[in-house]
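J.: Here it is, the structure in full.
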Amino acid sequence: MAVRLDGAALAARLKARIREEAAALSRPPMLAVVLAGDDPASQIYVRGKERDCAECGIRTRTHRLPAEVSQGELLALVDKLNRDGAVDGILVQLPLPEGLDPRPVLRALSPEKDVDCFHPLNAGLLAQGEPRFLPCTPAGVLELLDAYKIPVRGRRCAVIGRSLLVGRPLAQLLTARDGTVTLCHSHTKDLPALARQADILVCAAGRPGLVTADMVKPGAAVIDVAMNRGEDGKLAGDADFPAVEAVAGFLTPVPGGVGPMTRACLLQNVLRAARLRGR
């Protein structure tokens with residue numbers, strides 16, 4: 001039976017440390033959140049981030065915009081926040097309403113305030129092994145591996161999903177730790193065979209039930225990043241949890257695994273942004 005990686009408990013410890021370090025700064029860090037439209041899931045996520053920040057002594061300023069906001073108005077707000085000396089980090093909540101292109105908005109962010117690590121400059125620094133910020137979900141995965149003393153060096157790692165947000169940067173970070181990484185995707189041939197070779201298997205495809213027990217090497221660490229909401233409203237990952245739990249050595253639950261760590265690592269980036277700006 002796999003050991004469950006308790007992201008909620010680890011995130012609580014991380015947030016306690018962030019709270020202490022934020023209190024030691026000359027003034028509390030400030031996160032500006034841009035929320036356009038009325039997507040229910042985005043509303044929930046933003047409220048959760050506001051609560052996390054309040055818990056850690058980080059101030060938030062949320063800019064709620066109508067779904068009809070124009071691309072120019074959104075870019076103007078980002079420019080204003082870039083120039084605001086009181087703002088340490090900026091988060092643009094995705095997805096944006098239909099008709100808005102997120103790419104120019106994310107590229108318009110000041111790299112020094114880009115706490116989600118979306119800006120091309122920050123992605124380039126990460127690729128060169130000199131990151132300003134770590135993308136929040138990949139950083140949360142590394143924190144979990146470290147907390148449970150799961151080594152990466154010399155291990156075979158398979159990452160299922162090649163998104164710019166999770167799969168690709170995580171593959172880079174695991175490689176930087178001397179893991180032997182295979183980045184898998186929808187066109188990968190014989191995915192089950194590749195997955196079975198992995199000592200560390202990361203599921204980040206967004207396809208519930210994708211990873212079955214016969215795809216898991218006995219004793220492997222299975223990190224399920226995906227958050228899929230079923231018809232019953234419940235959250236589930238990509239792994240068939242009950243079946244995989246019987247084979248894996250370590251397994252993250254969904255919810256309660258990577259999700260809390262993602263949010264905690266965002267706070268860590270806001271704190272780092274404040275320090276880099278000389279707080």
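Following the order of the structure tokens, first chain is A, next is B, and so on, with residues numbered from 1 inside each chain and ligands from 1 in the order they appear.
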Run DSSP on the backbone and give me the residues of stretch 194-240 of chain A it puts in strand (DSSP E), as a PyMOL selection string.
T.: chain A and resi 200-203+221-224+228-229+235-236
J.: A:Gly48, A:Gly154, A:Gly37, A:Pro111: which is nearest A:Gly99, counting only C-alpha atoms?
T.: A:Gly37
J.: Just list the residues in stretch 19-239 of chain A DSSP gives helix (DSSP H, G or I) on the backbone, as a PyMOL selection string.
T.: chain A and resi 19-23+40-55+71-83+102-108+111-113+120-127+136-147+167-176+191-196+213-215
J.: Write out as number ranges by chain the residues lying within 12 Å of A:Pro208, counting only C-alpha atoms and excluding same-chain residues fewer than 3 positions away.
T.: A: 203-205, 211-212, 224-231, 234-241, 254
J.: For those residues, write all heavy atoms to a file as a compact mmCIF listing (two decimals), in the first residue's frame.
T.:
# COMPACT_ATOMS: atom_id res chain seq x y z
N CYS A 203 1.69 12.51 -13.32
CA CYS A 203 0.49 12.55 -14.18
C CYS A 203 0.00 13.99 -14.25
O CYS A 203 -0.42 14.54 -13.24
CB CYS A 203 -0.62 11.68 -13.61
SG CYS A 203 -0.08 10.15 -12.85
N ALA A 204 0.05 14.57 -15.45
CA ALA A 204 -0.37 15.96 -15.60
C ALA A 204 -1.04 16.17 -16.95
O ALA A 204 -0.82 17.17 -17.62
CB ALA A 204 0.84 16.88 -15.46
N ALA A 205 -1.86 15.21 -17.35
CA ALA A 205 -2.50 15.27 -18.66
C ALA A 205 -3.93 15.82 -18.60
O ALA A 205 -4.46 16.27 -19.61
CB ALA A 205 -2.52 13.88 -19.30
N VAL A 211 -3.99 6.84 -15.89
CA VAL A 211 -2.92 5.99 -15.35
C VAL A 211 -3.54 4.87 -14.53
O VAL A 211 -4.17 5.10 -13.50
CB VAL A 211 -1.94 6.82 -14.49
CG1 VAL A 211 -0.90 5.92 -13.85
CG2 VAL A 211 -1.27 7.88 -15.35
N THR A 212 -3.34 3.65 -15.02
CA THR A 212 -3.88 2.46 -14.36
C THR A 212 -2.77 1.71 -13.64
O THR A 212 -1.58 1.99 -13.84
CB THR A 212 -4.57 1.56 -15.39
OG1 THR A 212 -3.64 1.28 -16.46
CG2 THR A 212 -5.80 2.24 -15.97
N ASP A 224 0.37 12.83 -8.78
CA ASP A 224 -0.81 13.12 -9.61
C ASP A 224 -1.12 14.62 -9.49
O ASP A 224 -1.64 15.09 -8.49
CB ASP A 224 -2.00 12.29 -9.13
CG ASP A 224 -3.10 12.20 -10.18
OD1 ASP A 224 -3.12 13.05 -11.09
OD2 ASP A 224 -3.96 11.30 -10.07
N VAL A 225 -0.78 15.35 -10.56
CA VAL A 225 -0.93 16.79 -10.57
C VAL A 225 -2.33 17.21 -11.01
O VAL A 225 -2.83 18.27 -10.65
CB VAL A 225 0.12 17.42 -11.51
CG1 VAL A 225 -0.11 18.91 -11.70
CG2 VAL A 225 1.53 17.16 -10.98
N ALA A 226 -3.00 16.36 -11.79
CA ALA A 226 -4.25 16.74 -12.45
C ALA A 226 -5.37 16.98 -11.46
O ALA A 226 -5.43 16.36 -10.38
CB ALA A 226 -4.66 15.66 -13.44
N MET A 227 -6.26 17.90 -11.84
CA MET A 227 -7.46 18.19 -11.04
C MET A 227 -8.64 18.13 -12.00
O MET A 227 -8.94 19.11 -12.70
CB MET A 227 -7.36 19.58 -10.41
CG MET A 227 -6.20 19.74 -9.44
SD MET A 227 -6.56 19.10 -7.81
CE MET A 227 -7.53 20.43 -7.13
N ASN A 228 -9.31 17.00 -12.05
CA ASN A 228 -10.45 16.81 -12.93
C ASN A 228 -11.72 16.77 -12.09
O ASN A 228 -11.81 16.04 -11.11
CB ASN A 228 -10.31 15.48 -13.69
CG ASN A 228 -8.98 15.36 -14.42
OD1 ASN A 228 -8.67 16.17 -15.28
ND2 ASN A 228 -8.18 14.35 -14.06
N ARG A 229 -12.72 17.55 -12.51
CA ARG A 229 -13.98 17.58 -11.77
C ARG A 229 -15.00 16.69 -12.48
O ARG A 229 -15.31 16.90 -13.65
CB ARG A 229 -14.53 18.99 -11.63
CG ARG A 229 -15.66 19.11 -10.62
CD ARG A 229 -16.03 20.57 -10.36
NE ARG A 229 -14.95 21.30 -9.73
CZ ARG A 229 -14.72 21.31 -8.41
NH1 ARG A 229 -15.46 20.56 -7.60
NH2 ARG A 229 -13.73 22.03 -7.91
N GLY A 230 -15.48 15.67 -11.80
CA GLY A 230 -16.43 14.73 -12.38
C GLY A 230 -17.84 15.28 -12.43
O GLY A 230 -18.13 16.38 -11.93
N GLU A 231 -18.72 14.50 -13.02
CA GLU A 231 -20.12 14.92 -13.13
C GLU A 231 -20.77 15.08 -11.75
O GLU A 231 -21.73 15.82 -11.59
CB GLU A 231 -20.90 13.90 -13.97
CG GLU A 231 -20.46 13.86 -15.43
CD GLU A 231 -21.25 12.85 -16.23
OE1 GLU A 231 -22.12 12.17 -15.63
OE2 GLU A 231 -21.01 12.73 -17.45
N LYS A 234 -17.09 16.05 -7.78
CA LYS A 234 -15.91 15.69 -6.99
C LYS A 234 -14.65 15.78 -7.84
O LYS A 234 -14.67 15.58 -9.05
CB LYS A 234 -16.06 14.27 -6.43
CG LYS A 234 -17.19 14.14 -5.41
CD LYS A 234 -17.24 12.72 -4.86
CE LYS A 234 -18.34 12.59 -3.80
NZ LYS A 234 -18.42 11.20 -3.26
N LEU A 235 -13.52 16.08 -7.17
CA LEU A 235 -12.25 16.18 -7.85
C LEU A 235 -11.55 14.83 -7.90
O LEU A 235 -11.62 14.04 -6.95
CB LEU A 235 -11.34 17.19 -7.14
CG LEU A 235 -11.75 18.66 -7.22
CD1 LEU A 235 -10.85 19.50 -6.32
CD2 LEU A 235 -11.68 19.16 -8.65
N ALA A 236 -10.86 14.59 -9.01
CA ALA A 236 -10.07 13.37 -9.16
C ALA A 236 -8.86 13.70 -10.02
O ALA A 236 -8.87 14.65 -10.81
CB ALA A 236 -10.91 12.27 -9.81
N GLY A 237 -7.83 12.91 -9.88
CA GLY A 237 -6.63 13.11 -10.68
C GLY A 237 -6.66 12.28 -11.95
O GLY A 237 -7.71 11.82 -12.39
N ASP A 238 -5.48 12.07 -12.52
CA ASP A 238 -5.35 11.24 -13.72
C ASP A 238 -5.21 9.77 -13.37
O ASP A 238 -5.43 8.90 -14.21
CB ASP A 238 -4.13 11.66 -14.53
CG ASP A 238 -4.38 12.93 -15.35
OD1 ASP A 238 -5.54 13.36 -15.43
OD2 ASP A 238 -3.40 13.47 -15.91
N ALA A 239 -4.78 9.47 -12.15
CA ALA A 239 -4.53 8.08 -11.76
C ALA A 239 -5.80 7.43 -11.21
O ALA A 239 -6.61 8.08 -10.54
CB ALA A 239 -3.42 8.03 -10.70
N ASP A 240 -5.94 6.15 -11.50
CA ASP A 240 -6.99 5.32 -10.90
C ASP A 240 -6.54 5.07 -9.46
O ASP A 240 -5.83 4.10 -9.18
CB ASP A 240 -7.14 4.02 -11.68
CG ASP A 240 -8.20 3.10 -11.11
OD1 ASP A 240 -8.73 3.39 -10.02
OD2 ASP A 240 -8.48 2.06 -11.75
N PHE A 241 -6.96 5.95 -8.55
CA PHE A 241 -6.34 6.00 -7.22
C PHE A 241 -6.37 4.67 -6.48
O PHE A 241 -5.32 4.19 -6.02
CB PHE A 241 -6.99 7.10 -6.38
CG PHE A 241 -6.25 7.39 -5.10
CD1 PHE A 241 -5.27 8.35 -5.06
CD2 PHE A 241 -6.53 6.67 -3.94
CE1 PHE A 241 -4.57 8.61 -3.88
CE2 PHE A 241 -5.85 6.92 -2.77
CZ PHE A 241 -4.86 7.90 -2.74
N VAL A 254 -5.80 13.26 -4.52
CA VAL A 254 -6.47 14.40 -5.18
C VAL A 254 -7.90 14.46 -4.66
O VAL A 254 -8.65 13.50 -4.85
CB VAL A 254 -6.47 14.26 -6.71
CG1 VAL A 254 -7.20 15.44 -7.35
CG2 VAL A 254 -5.05 14.15 -7.26
J.: From the list A:Val34, A:Ala139, A:Val115, A:Val46, which residue is nearest A:Leu75 when using only C-alpha atoms?
T.: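 Of A:Val34, A:Ala139, A:Val115, A:Val46, the one nearest A:Leu75 is A:Val34, counting only C-alpha atoms.
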J.: Pull the closest atom pair for each residue of stretch 162-247 of chain A that gets at most 9 Å from stretch 120-128 of chain A, along with the distance in Å to one decimal, counting only C-alpha atoms, ordering rows by chain and then ascending residue number, as JSON lines.
T.:
{"residue": "A:Pro169", "atom": "CA", "partner": "A:Leu126", "partner_atom": "CA", "distance": 7.6}
{"residue": "A:Gln172", "atom": "CA", "partner": "A:Ala127", "partner_atom": "CA", "distance": 6.7}
{"residue": "A:Leu173", "atom": "CA", "partner": "A:Leu126", "partner_atom": "CA", "distance": 8.2}
J.: Would you mind listing what lies within 12 Å of A:Gly278 as a list in words, with only C-alpha atoms counted and same-chain residues fewer than 2 positions away left out?
T.: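 In the requested format, the answer is Leu25, Ser26, Arg27, Pro29, Gly85, Ala86, Asp88, Glu112, Leu271, Arg272, Ala273, Ala274, Arg275 and Leu276 of chain A.
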J.: Can you work out which one of A:Ala108, A:Ala195, A:Ala2, A:Ala221 has the shortest atom-to-atom distance to A:Leu144, counting only C-alpha atoms?
T.: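 Between A:Ala108, A:Ala195, A:Ala2, A:Ala221, the residue approaching A:Leu144 most closely is A:Ala221.
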